[in-house]
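**Student:** Contents of my_file20.pdb (PDB, C-alpha atoms) are given next:
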```
ATOM      1  CA  MET A   1     150.985 -68.939 145.519  1.00  0.00           C
ATOM      2  CA  ALA A   2     153.240 -70.208 148.253  1.00  0.00           C
ATOM      3  CA  ASN A   3     153.984 -66.971 150.104  1.00  0.00           C
ATOM      4  CA  VAL A   4     152.818 -63.388 150.627  1.00  0.00           C
ATOM      5  CA  GLU A   5     155.940 -61.471 149.633  1.00  0.00           C
ATOM      6  CA  LYS A   6     156.926 -60.023 146.265  1.00  0.00           C
ATOM      7  CA  ILE A   7     153.476 -60.687 144.843  1.00  0.00           C
ATOM      8  CA  SER A   8     152.818 -59.458 141.306  1.00  0.00           C
ATOM      9  CA  ASP A   9     149.624 -57.735 140.216  1.00  0.00           C
ATOM     10  CA  GLN A  10     148.634 -60.872 138.300  1.00  0.00           C
ATOM     11  CA  GLU A  11     148.971 -62.987 141.450  1.00  0.00           C
ATOM     12  CA  ILE A  12     146.995 -60.415 143.445  1.00  0.00           C
ATOM     13  CA  GLU A  13     144.239 -60.531 140.838  1.00  0.00           C
ATOM     14  CA  LYS A  14     144.108 -64.336 141.112  1.00  0.00           C
ATOM     15  CA  PHE A  15     144.015 -64.077 144.918  1.00  0.00           C
ATOM     16  CA  HIS A  16     141.143 -61.612 144.747  1.00  0.00           C
ATOM     17  CA  SER A  17     139.244 -63.961 142.443  1.00  0.00           C
ATOM     18  CA  GLN A  18     139.481 -66.614 145.159  1.00  0.00           C
ATOM     19  CA  LEU A  19     138.131 -64.179 147.757  1.00  0.00           C
ATOM     20  CA  ILE A  20     135.234 -63.132 145.520  1.00  0.00           C
ATOM     21  CA  GLU A  21     134.356 -66.789 145.019  1.00  0.00           C
ATOM     22  CA  ALA A  22     134.406 -67.366 148.784  1.00  0.00           C
ATOM     23  CA  PHE A  23     131.963 -64.522 149.465  1.00  0.00           C
ATOM     24  CA  SER A  24     129.718 -65.710 146.644  1.00  0.00           C
ATOM     25  CA  THR A  25     129.732 -69.368 147.679  1.00  0.00           C
ATOM     26  CA  CYS A  26     129.454 -68.880 151.429  1.00  0.00           C
ATOM     27  CA  LEU A  27     127.267 -65.784 151.795  1.00  0.00           C
ATOM     28  CA  GLN A  28     125.767 -65.388 148.302  1.00  0.00           C
ATOM     29  CA  LEU A  29     127.286 -61.905 148.067  1.00  0.00           C
ATOM     30  CA  GLU A  30     128.300 -60.479 144.694  1.00  0.00           C
ATOM     31  CA  LEU A  31     131.437 -58.485 145.474  1.00  0.00           C
ATOM     32  CA  GLN A  32     134.612 -57.230 143.875  1.00  0.00           C
ATOM     33  CA  ILE A  33     137.938 -56.352 145.489  1.00  0.00           C
ATOM     34  CA  GLU A  34     139.160 -52.842 144.728  1.00  0.00           C
ATOM     35  CA  GLN A  35     142.032 -50.594 145.697  1.00  0.00           C
ATOM     36  CA  VAL A  36     140.811 -48.066 148.271  1.00  0.00           C
ATOM     37  CA  ASP A  37     142.783 -45.163 146.769  1.00  0.00           C
ATOM     38  CA  LYS A  38     142.079 -45.538 143.076  1.00  0.00           C
ATOM     39  CA  GLN A  39     144.312 -42.560 142.306  1.00  0.00           C
ATOM     40  CA  LEU A  40     147.383 -44.311 143.705  1.00  0.00           C
ATOM     41  CA  ASN A  41     149.591 -45.884 141.054  1.00  0.00           C
ATOM     42  CA  TRP A  42     151.535 -48.183 143.362  1.00  0.00           C
ATOM     43  CA  LYS A  43     153.652 -49.584 140.544  1.00  0.00           C
ATOM     44  CA  ALA A  44     155.187 -46.146 140.053  1.00  0.00           C
ATOM     45  CA  ALA A  45     155.338 -45.296 143.766  1.00  0.00           C
ATOM     46  CA  LEU A  46     158.353 -45.578 146.044  1.00  0.00           C
ATOM     47  CA  PRO A  47     159.003 -48.849 147.907  1.00  0.00           C
ATOM     48  CA  GLY A  48     157.383 -49.034 151.351  1.00  0.00           C
ATOM     49  CA  ILE A  49     154.171 -47.226 150.453  1.00  0.00           C
ATOM     50  CA  SER A  50     150.998 -48.784 151.869  1.00  0.00           C
ATOM     51  CA  VAL A  51     148.351 -50.085 149.468  1.00  0.00           C
ATOM     52  CA  LEU A  52     144.871 -50.871 150.789  1.00  0.00           C
ATOM     53  CA  TYR A  53     142.223 -53.076 149.212  1.00  0.00           C
ATOM     54  CA  THR A  54     138.636 -53.680 150.297  1.00  0.00           C
ATOM     55  CA  ALA A  55     135.485 -55.438 149.137  1.00  0.00           C
ATOM     56  CA  LYS A  56     132.916 -53.447 147.174  1.00  0.00           C
ATOM     57  CA  SER A  57     129.454 -54.342 145.937  1.00  0.00           C
ATOM     58  CA  ALA A  58     129.302 -55.714 142.399  1.00  0.00           C
ATOM     59  CA  SER A  59     125.520 -56.029 142.187  1.00  0.00           C
ATOM     60  CA  ARG A  60     122.377 -54.151 143.133  1.00  0.00           C
ATOM     61  CA  LYS A  61     121.202 -57.365 144.774  1.00  0.00           C
ATOM     62  CA  THR A  62     123.828 -56.941 147.501  1.00  0.00           C
ATOM     63  CA  ILE A  63     122.550 -54.863 150.417  1.00  0.00           C
ATOM     64  CA  VAL A  64     125.264 -52.342 151.238  1.00  0.00           C
ATOM     65  CA  ASN A  65     125.800 -50.012 154.175  1.00  0.00           C
ATOM     66  CA  PHE A  66     128.299 -47.141 154.073  1.00  0.00           C
ATOM     67  CA  GLN A  67     129.983 -46.312 157.362  1.00  0.00           C
ATOM     68  CA  ASP A  68     133.182 -44.357 157.988  1.00  0.00           C
ATOM     69  CA  GLY A  69     133.944 -44.508 154.270  1.00  0.00           C
ATOM     70  CA  GLN A  70     133.725 -48.307 154.199  1.00  0.00           C
ATOM     71  CA  GLN A  71     131.250 -50.691 152.602  1.00  0.00           C
ATOM     72  CA  MET A  72     129.792 -53.518 154.655  1.00  0.00           C
ATOM     73  CA  PHE A  73     127.339 -56.108 153.444  1.00  0.00           C
ATOM     74  CA  SER A  74     124.232 -57.701 154.911  1.00  0.00           C
ATOM     75  CA  PHE A  75     124.226 -61.494 155.121  1.00  0.00           C
ATOM     76  CA  SER A  76     121.584 -62.320 157.745  1.00  0.00           C
ATOM     77  CA  GLU A  77     118.189 -63.829 157.068  1.00  0.00           C
ATOM     78  CA  PRO A  78     115.195 -61.425 157.141  1.00  0.00           C
ATOM     79  CA  ASP A  79     113.689 -63.042 160.247  1.00  0.00           C
ATOM     80  CA  ARG A  80     116.846 -62.769 162.378  1.00  0.00           C
ATOM     81  CA  MET A  81     116.676 -60.678 165.541  1.00  0.00           C
ATOM     82  CA  ALA A  82     120.068 -58.997 165.070  1.00  0.00           C
ATOM     83  CA  PRO A  83     120.893 -57.914 161.451  1.00  0.00           C
ATOM     84  CA  LEU A  84     124.465 -58.941 160.580  1.00  0.00           C
ATOM     85  CA  TRP A  85     127.002 -57.227 158.313  1.00  0.00           C
ATOM     86  CA  VAL A  86     130.494 -58.106 157.078  1.00  0.00           C
ATOM     87  CA  TYR A  87     133.514 -56.063 155.920  1.00  0.00           C
ATOM     88  CA  TRP A  88     136.758 -57.178 154.246  1.00  0.00           C
ATOM     89  CA  GLY A  89     140.071 -55.271 154.202  1.00  0.00           C
ATOM     90  CA  GLU A  90     143.688 -55.882 153.122  1.00  0.00           C
ATOM     91  CA  LYS A  91     146.928 -53.988 153.692  1.00  0.00           C
ATOM     92  CA  TRP A  92     149.949 -54.396 151.409  1.00  0.00           C
ATOM     93  CA  LYS A  93     153.342 -52.657 151.119  1.00  0.00           C
ATOM     94  CA  LYS A  94     155.257 -52.003 147.957  1.00  0.00           C
ATOM     95  CA  THR A  95     158.531 -53.881 147.524  1.00  0.00           C
ATOM     96  CA  GLN A  96     160.959 -53.855 144.681  1.00  0.00           C
ATOM     97  CA  VAL A  97     163.369 -56.619 143.738  1.00  0.00           C
ATOM     98  CA  VAL A  98     166.642 -55.774 142.071  1.00  0.00           C
ATOM     99  CA  GLN A  99     168.004 -58.551 139.907  1.00  0.00           C
ATOM    100  CA  SER A 100     171.557 -57.988 138.673  1.00  0.00           C
ATOM    101  CA  ARG A 101     171.581 -54.493 137.178  1.00  0.00           C
ATOM    102  CA  LYS A 102     167.986 -54.530 136.039  1.00  0.00           C
ATOM    103  CA  THR A 103     165.014 -53.554 138.160  1.00  0.00           C
ATOM    104  CA  ALA A 104     162.362 -56.259 138.345  1.00  0.00           C
ATOM    105  CA  ALA A 105     158.649 -55.640 138.029  1.00  0.00           C
ATOM    106  CA  ALA A 106     157.003 -53.863 140.963  1.00  0.00           C
ATOM    107  CA  THR A 107     155.493 -56.186 143.573  1.00  0.00           C
ATOM    108  CA  LEU A 108     153.656 -56.011 146.898  1.00  0.00           C
ATOM    109  CA  ASP A 109     154.125 -57.704 150.282  1.00  0.00           C
ATOM    110  CA  LEU A 110     150.994 -58.598 152.237  1.00  0.00           C
ATOM    111  CA  VAL A 111     150.925 -56.941 155.675  1.00  0.00           C
ATOM    112  CA  GLY A 112     147.633 -58.441 156.826  1.00  0.00           C
ATOM    113  CA  VAL A 113     143.939 -59.045 156.196  1.00  0.00           C
ATOM    114  CA  LYS A 114     140.854 -58.569 158.335  1.00  0.00           C
ATOM    115  CA  LEU A 115     137.276 -59.743 158.259  1.00  0.00           C
ATOM    116  CA  CYS A 116     134.982 -57.626 160.444  1.00  0.00           C
ATOM    117  CA  PHE A 117     131.484 -58.499 161.606  1.00  0.00           C
ATOM    118  CA  HIS A 118     128.962 -55.844 162.600  1.00  0.00           C
ATOM    119  CA  VAL A 119     125.436 -55.824 163.971  1.00  0.00           C
ATOM    120  CA  GLY A 120     122.805 -53.147 163.477  1.00  0.00           C
ATOM    121  CA  ASN A 121     119.649 -52.114 161.648  1.00  0.00           C
ATOM    122  CA  PHE A 122     119.726 -50.879 158.060  1.00  0.00           C
ATOM    123  CA  GLY A 123     120.206 -47.120 157.852  1.00  0.00           C
ATOM    124  CA  GLN A 124     121.631 -46.909 161.378  1.00  0.00           C
ATOM    125  CA  LYS A 125     125.196 -46.938 162.702  1.00  0.00           C
ATOM    126  CA  LYS A 126     126.511 -50.478 163.045  1.00  0.00           C
ATOM    127  CA  THR A 127     128.493 -51.890 165.970  1.00  0.00           C
ATOM    128  CA  GLN A 128     131.579 -53.943 165.188  1.00  0.00           C
ATOM    129  CA  ILE A 129     131.445 -57.057 167.354  1.00  0.00           C
ATOM    130  CA  LEU A 130     134.143 -59.411 166.000  1.00  0.00           C
ATOM    131  CA  ARG A 131     137.277 -59.254 163.867  1.00  0.00           C
ATOM    132  CA  ALA A 132     139.065 -62.194 162.293  1.00  0.00           C
ATOM    133  CA  GLU A 133     142.613 -61.145 161.355  1.00  0.00           C
ATOM    134  CA  TRP A 134     145.713 -62.712 159.852  1.00  0.00           C
ATOM    135  CA  ASP A 135     148.871 -60.585 160.043  1.00  0.00           C
ATOM    136  CA  ASN A 136     152.341 -60.973 158.598  1.00  0.00           C
ATOM    137  CA  PRO A 137     154.668 -60.872 161.644  1.00  0.00           C
ATOM    138  CA  LYS A 138     157.672 -59.998 159.480  1.00  0.00           C
ATOM    139  CA  LEU A 139     156.054 -56.701 158.501  1.00  0.00           C
ATOM    140  CA  GLN A 140     154.225 -55.943 161.764  1.00  0.00           C
ATOM    141  CA  GLY A 141     157.296 -56.012 164.023  1.00  0.00           C
ATOM    142  CA  ASN A 142     157.491 -56.936 167.698  1.00  0.00           C
ATOM    143  CA  GLU A 143     153.879 -55.898 168.276  1.00  0.00           C
ATOM    144  CA  VAL A 144     152.579 -59.208 166.901  1.00  0.00           C
ATOM    145  CA  ALA A 145     155.665 -61.405 167.295  1.00  0.00           C
ATOM    146  CA  GLN A 146     153.995 -63.513 170.006  1.00  0.00           C
ATOM    147  CA  VAL A 147     150.468 -63.261 168.639  1.00  0.00           C
ATOM    148  CA  ALA A 148     148.411 -66.150 167.254  1.00  0.00           C
ATOM    149  CA  GLN A 149     147.980 -66.054 163.483  1.00  0.00           C
ATOM    150  CA  PRO A 150     145.170 -66.050 162.505  1.00  0.00           C
ATOM    151  CA  HIS A 151     143.208 -64.753 165.482  1.00  0.00           C
ATOM    152  CA  TRP A 152     139.942 -63.238 166.712  1.00  0.00           C
ATOM    153  CA  HIS A 153     139.287 -59.876 168.355  1.00  0.00           C
ATOM    154  CA  ILE A 154     136.222 -59.036 170.437  1.00  0.00           C
ATOM    155  CA  ASP A 155     135.457 -55.346 169.938  1.00  0.00           C
ATOM    156  CA  PRO A 156     132.583 -54.121 172.155  1.00  0.00           C
ATOM    157  CA  ASN A 157     133.278 -53.254 175.766  1.00  0.00           C
ATOM    158  CA  LEU A 158     131.707 -55.632 178.282  1.00  0.00           C
ATOM    159  CA  MET A 159     129.207 -53.590 180.272  1.00  0.00           C
ATOM    160  CA  ASP A 160     127.168 -56.328 181.947  1.00  0.00           C
ATOM    161  CA  ILE A 161     129.459 -57.411 184.792  1.00  0.00           C
ATOM    162  CA  PRO A 162     127.209 -58.593 187.637  1.00  0.00           C
ATOM    163  CA  SER A 163     130.079 -59.064 190.085  1.00  0.00           C
ATOM    164  CA  ASN A 164     131.103 -55.411 189.873  1.00  0.00           C
ATOM    165  CA  GLY A 165     129.617 -53.347 192.686  1.00  0.00           C
ATOM    166  CA  CYS A 166     128.317 -56.372 194.565  1.00  0.00           C
ATOM    167  CA  ASP A 167     129.284 -56.110 198.218  1.00  0.00           C
ATOM    168  CA  ASN A 168     127.550 -59.276 199.391  1.00  0.00           C
ATOM    169  CA  PRO A 169     130.030 -62.102 200.094  1.00  0.00           C
ATOM    170  CA  VAL A 170     129.800 -65.201 197.970  1.00  0.00           C
ATOM    171  CA  PRO A 171     128.760 -68.324 199.966  1.00  0.00           C
ATOM    172  CA  VAL A 172     131.665 -70.770 200.116  1.00  0.00           C
ATOM    173  CA  SER A 173     131.422 -74.235 201.591  1.00  0.00           C
ATOM    174  CA  GLY A 174     133.802 -75.598 204.187  1.00  0.00           C
ATOM    175  CA  GLY A 175     133.923 -72.466 206.302  1.00  0.00           C
ATOM    176  CA  LEU A 176     136.078 -70.595 203.760  1.00  0.00           C
ATOM    177  CA  VAL A 177     135.511 -66.907 203.153  1.00  0.00           C
ATOM    178  CA  GLU A 178     136.062 -65.139 199.818  1.00  0.00           C
ATOM    179  CA  LEU A 179     138.097 -61.944 200.001  1.00  0.00           C
ATOM    180  CA  PRO A 180     135.962 -58.784 199.943  1.00  0.00           C
ATOM    181  CA  ALA A 181     135.715 -56.743 196.736  1.00  0.00           C
ATOM    182  CA  THR A 182     137.509 -53.908 198.488  1.00  0.00           C
ATOM    183  CA  GLN A 183     140.686 -55.985 198.731  1.00  0.00           C
ATOM    184  CA  GLU A 184     143.389 -54.096 196.879  1.00  0.00           C
ATOM    185  CA  GLY A 185     143.824 -55.301 193.304  1.00  0.00           C
ATOM    186  CA  LEU A 186     140.591 -57.292 193.215  1.00  0.00           C
ATOM    187  CA  ALA A 187     138.033 -54.570 192.530  1.00  0.00           C
ATOM    188  CA  PHE A 188     137.138 -53.075 189.153  1.00  0.00           C
ATOM    189  CA  SER A 189     138.173 -49.505 188.582  1.00  0.00           C
ATOM    190  CA  ALA A 190     135.717 -47.063 187.029  1.00  0.00           C
ATOM    191  CA  PRO A 191     134.203 -47.015 184.479  1.00  0.00           C
ATOM    192  CA  ASN A 192     132.312 -50.250 184.953  1.00  0.00           C
ATOM    193  CA  SER A 193     133.330 -51.978 181.729  1.00  0.00           C
ATOM    194  CA  LEU A 194     136.056 -54.207 180.366  1.00  0.00           C
ATOM    195  CA  SER A 195     137.717 -53.889 176.962  1.00  0.00           C
ATOM    196  CA  LEU A 196     138.929 -57.030 175.159  1.00  0.00           C
ATOM    197  CA  GLN A 197     140.014 -55.263 171.971  1.00  0.00           C
ATOM    198  CA  ARG A 198     143.724 -55.906 172.508  1.00  0.00           C
ATOM    199  CA  LEU A 199     143.284 -59.627 173.100  1.00  0.00           C
ATOM    200  CA  HIS A 200     144.336 -61.908 170.231  1.00  0.00           C
ATOM    201  CA  LEU A 201     142.310 -65.114 170.529  1.00  0.00           C
ATOM    202  CA  GLY A 202     144.006 -67.904 168.591  1.00  0.00           C
ATOM    203  CA  MET A 203     142.075 -69.992 166.074  1.00  0.00           C
ATOM    204  CA  ALA A 204     143.968 -73.232 165.524  1.00  0.00           C
ATOM    205  CA  GLY A 205     146.845 -73.836 167.901  1.00  0.00           C
ATOM    206  CA  TRP A 206     146.325 -77.525 168.613  1.00  0.00           C
ATOM    207  CA  ARG A 207     147.384 -78.822 165.178  1.00  0.00           C
ATOM    208  CA  ASN A 208     150.547 -76.847 164.568  1.00  0.00           C
ATOM    209  CA  GLN A 209     153.907 -76.783 166.403  1.00  0.00           C
ATOM    210  CA  GLU A 210     154.304 -78.128 169.935  1.00  0.00           C
ATOM    211  CA  THR A 211     155.590 -74.969 171.588  1.00  0.00           C
ATOM    212  CA  HIS A 212     154.068 -71.583 172.374  1.00  0.00           C
ATOM    213  CA  PRO A 213     153.658 -69.212 170.561  1.00  0.00           C
ATOM    214  CA  GLN A 214     154.649 -71.128 167.414  1.00  0.00           C
ATOM    215  CA  CYS A 215     151.754 -73.554 167.936  1.00  0.00           C
ATOM    216  CA  TRP A 216     149.341 -70.693 167.243  1.00  0.00           C
ATOM    217  CA  GLN A 217     151.161 -69.190 164.268  1.00  0.00           C
ATOM    218  CA  HIS A 218     150.251 -70.723 160.933  1.00  0.00           C
ATOM    219  CA  LYS A 219     152.390 -69.983 157.897  1.00  0.00           C
ATOM    220  CA  LEU A 220     150.814 -67.199 155.903  1.00  0.00           C
ATOM    221  CA  ASP A 221     150.184 -67.719 152.191  1.00  0.00           C
ATOM    222  CA  LEU A 222     147.514 -66.532 149.787  1.00  0.00           C
ATOM    223  CA  ASP A 223     145.913 -69.911 149.160  1.00  0.00           C
ATOM    224  CA  ALA A 224     145.672 -70.504 152.914  1.00  0.00           C
ATOM    225  CA  ILE A 225     143.985 -67.126 153.399  1.00  0.00           C
ATOM    226  CA  ALA A 226     141.383 -67.914 150.736  1.00  0.00           C
ATOM    227  CA  GLU A 227     140.592 -71.262 152.365  1.00  0.00           C
ATOM    228  CA  TRP A 228     140.558 -69.694 155.847  1.00  0.00           C
ATOM    229  CA  LEU A 229     138.120 -67.039 154.629  1.00  0.00           C
ATOM    230  CA  LYS A 230     135.710 -69.695 153.363  1.00  0.00           C
ATOM    231  CA  ARG A 231     135.793 -71.592 156.665  1.00  0.00           C
ATOM    232  CA  VAL A 232     135.289 -68.459 158.765  1.00  0.00           C
ATOM    233  CA  LEU A 233     132.424 -67.207 156.615  1.00  0.00           C
ATOM    234  CA  VAL A 234     130.595 -70.543 156.737  1.00  0.00           C
ATOM    235  CA  TYR A 235     131.023 -70.859 160.492  1.00  0.00           C
ATOM    236  CA  CYS A 236     129.983 -67.285 161.230  1.00  0.00           C
ATOM    237  CA  LYS A 237     126.934 -67.571 158.980  1.00  0.00           C
ATOM    238  CA  SER A 238     125.925 -70.544 161.117  1.00  0.00           C
ATOM    239  CA  GLU A 239     126.822 -69.172 164.562  1.00  0.00           C
ATOM    240  CA  LEU A 240     126.335 -65.393 164.535  1.00  0.00           C
ATOM    241  CA  PRO A 241     122.544 -65.629 164.075  1.00  0.00           C
ATOM    242  CA  ASN A 242     122.526 -67.040 167.618  1.00  0.00           C
ATOM    243  CA  ILE A 243     123.170 -63.498 168.868  1.00  0.00           C
ATOM    244  CA  THR A 244     120.114 -62.422 170.834  1.00  0.00           C
ATOM    245  CA  ILE A 245     118.815 -59.079 172.062  1.00  0.00           C
ATOM    246  CA  ARG A 246     117.906 -58.832 175.729  1.00  0.00           C
TER     247      ARG A 246
END
```
How does this structure look as structure tokens?

**Tutor:**
Amino acid sequence: MANVEKISDQEIEKFHSQLIEAFSTCLQLELQIEQVDKQLNWKAALPGISVLYTAKSASRKTIVNFQDGQQMFSFSEPDRMAPLWVYWGEKWKKTQVVQSRKTAAATLDLVGVKLCFHVGNFGQKKTQILRAEWDNPKLQGNEVAQVAQPHWHIDPNLMDIPSNGCDNPVPVSGGLVELPATQEGLAFSAPNSLSLQRLHLGMAGWRNQETHPQCWQHKLDLDAIAEWLKRVLVYCKSELPNITIR
């Protein structure tokens, strides 16, 4: 599987098997990958239609939470302070290849994948804290042309900003004086929070091309996604339990 375009249903099934194995190996979750709209027969649909896939529980052993019509899965240890949950989603578009005078089998192009991490108690609404995404720039247009692929998103607004509203000058050595917070362009505007949702934080730019933004944009293919998923899951299982509640 060297690319993400004109992918047959057999190749998609093989790809999904790799993803299921990653969740099982890394998080001990028994999942399956299913089409979100089970009534949609994408093979018979017109080219360009969107096809969504997501992870679903395949075992009663997997602790599931339903939120906004999506399934997310618990993967934190019982003694952890902040219960952690994970969600997987894919977006494809139908393509159709015409060879000579005969129409080839229906295929899909991968638009992008996302791995979302949430925090929250069982039975309560969860808060999405991080997203790991890998988009196909060819199908996303100019919006992601300069964006790192794959990349992180930080979802919650930052509310704890000690410098906001502080009128006391910061001590600076050497007789220098920091500009006051009232200086135009240097003060926060209400409300007192920052949103980082639109930031795309690159994952691996130091080992690719030498120039920006190409250095951050890895070639997208299905095998690479499966390997990337494994690495992200293992790392997040190790690091996210360090989240603390103050």

**Student:** Please indicate the distance in Å from CA of Leu40 in chain A to CA of Thr95 in chain A, rounded to one decimal place.

**Tutor:**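 Computed distance, CA of Leu40 in chain A to CA of Thr95 in chain A, equals 15.2 Å.
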
**Student:** Run the PyMOL selection byres ((chain A and resi 7) around 6) on the file and write out the hits as a PDB file with C-alpha atoms, in the frame of the given file.

**Tutor:**
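As a result, expr-v3.pdb now contains:
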```pdb
ATOM      1  CA  GLU A   5     155.940 -61.471 149.633  1.00  0.00           C
ATOM      2  CA  LYS A   6     156.926 -60.023 146.265  1.00  0.00           C
ATOM      3  CA  SER A   8     152.818 -59.458 141.306  1.00  0.00           C
ATOM      4  CA  THR A 107     155.493 -56.186 143.573  1.00  0.00           C
ATOM      5  CA  LEU A 108     153.656 -56.011 146.898  1.00  0.00           C
TER       6      LEU A 108
END
```

**Student:** Just the number, please: distance in Å from CA of Ser17 in chain A to CA of Leu31 in chain A, one decimal.

**Tutor:**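 CA of Leu31 in chain A lies at a distance of 10.0 Å from CA of Ser17 in chain A.
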
**Student:** Evaluating the PyMOL selection byres ((chain A and resi 75) around 12) on the displayed file yields which residues, as a ChimeraX atom specification?

**Tutor:** /A:23-24,26-30,61-65,72-74,76-80,82-87,117-120,122,233-234,236-238,240-241

**Student:** Mind giving me the straight-line distance from CA of Ala58 in chain A to CA of Ile129 in chain A in Å, one decimal?

**Tutor:**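 CA of Ala58 in chain A sits 25.1 Å away from CA of Ile129 in chain A.
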
**Student:** Please return, as a VMD selection string, all polymer residues that have at least one atom within 10 Å of the point (149.5, -70.2, 166.3); use all atoms listed in the file and the file's own coordinate frame.

**Tutor:** chain A and resid 146 to 151 201 to 219

**Student:** Check the smallest atom-to-atom distance from each of A:Pro156, A:Gly112, A:Gly48, A:Gly141 to Lys126 in chain A using only C-alpha atoms, then report the winner.

**Tutor:** A:Pro156

**Student:** Do you know which residues are at most 6 Å from Trp152 in chain A counting only C-alpha atoms, after dropping those on the same chain fewer than 6 positions away, and could you put them as a ChimeraX atom specification?

**Tutor:** /A:131-132,200-201

**Student:** For the residues selected in the previous step, produce a file with C-alpha atoms as a PDB file, in the coordinates of the input.

**Tutor:**
```pdb
ATOM      1  CA  ARG A 131     137.277 -59.254 163.867  1.00  0.00           C
ATOM      2  CA  ALA A 132     139.065 -62.194 162.293  1.00  0.00           C
ATOM      3  CA  HIS A 200     144.336 -61.908 170.231  1.00  0.00           C
ATOM      4  CA  LEU A 201     142.310 -65.114 170.529  1.00  0.00           C
TER       5      LEU A 201
END
```
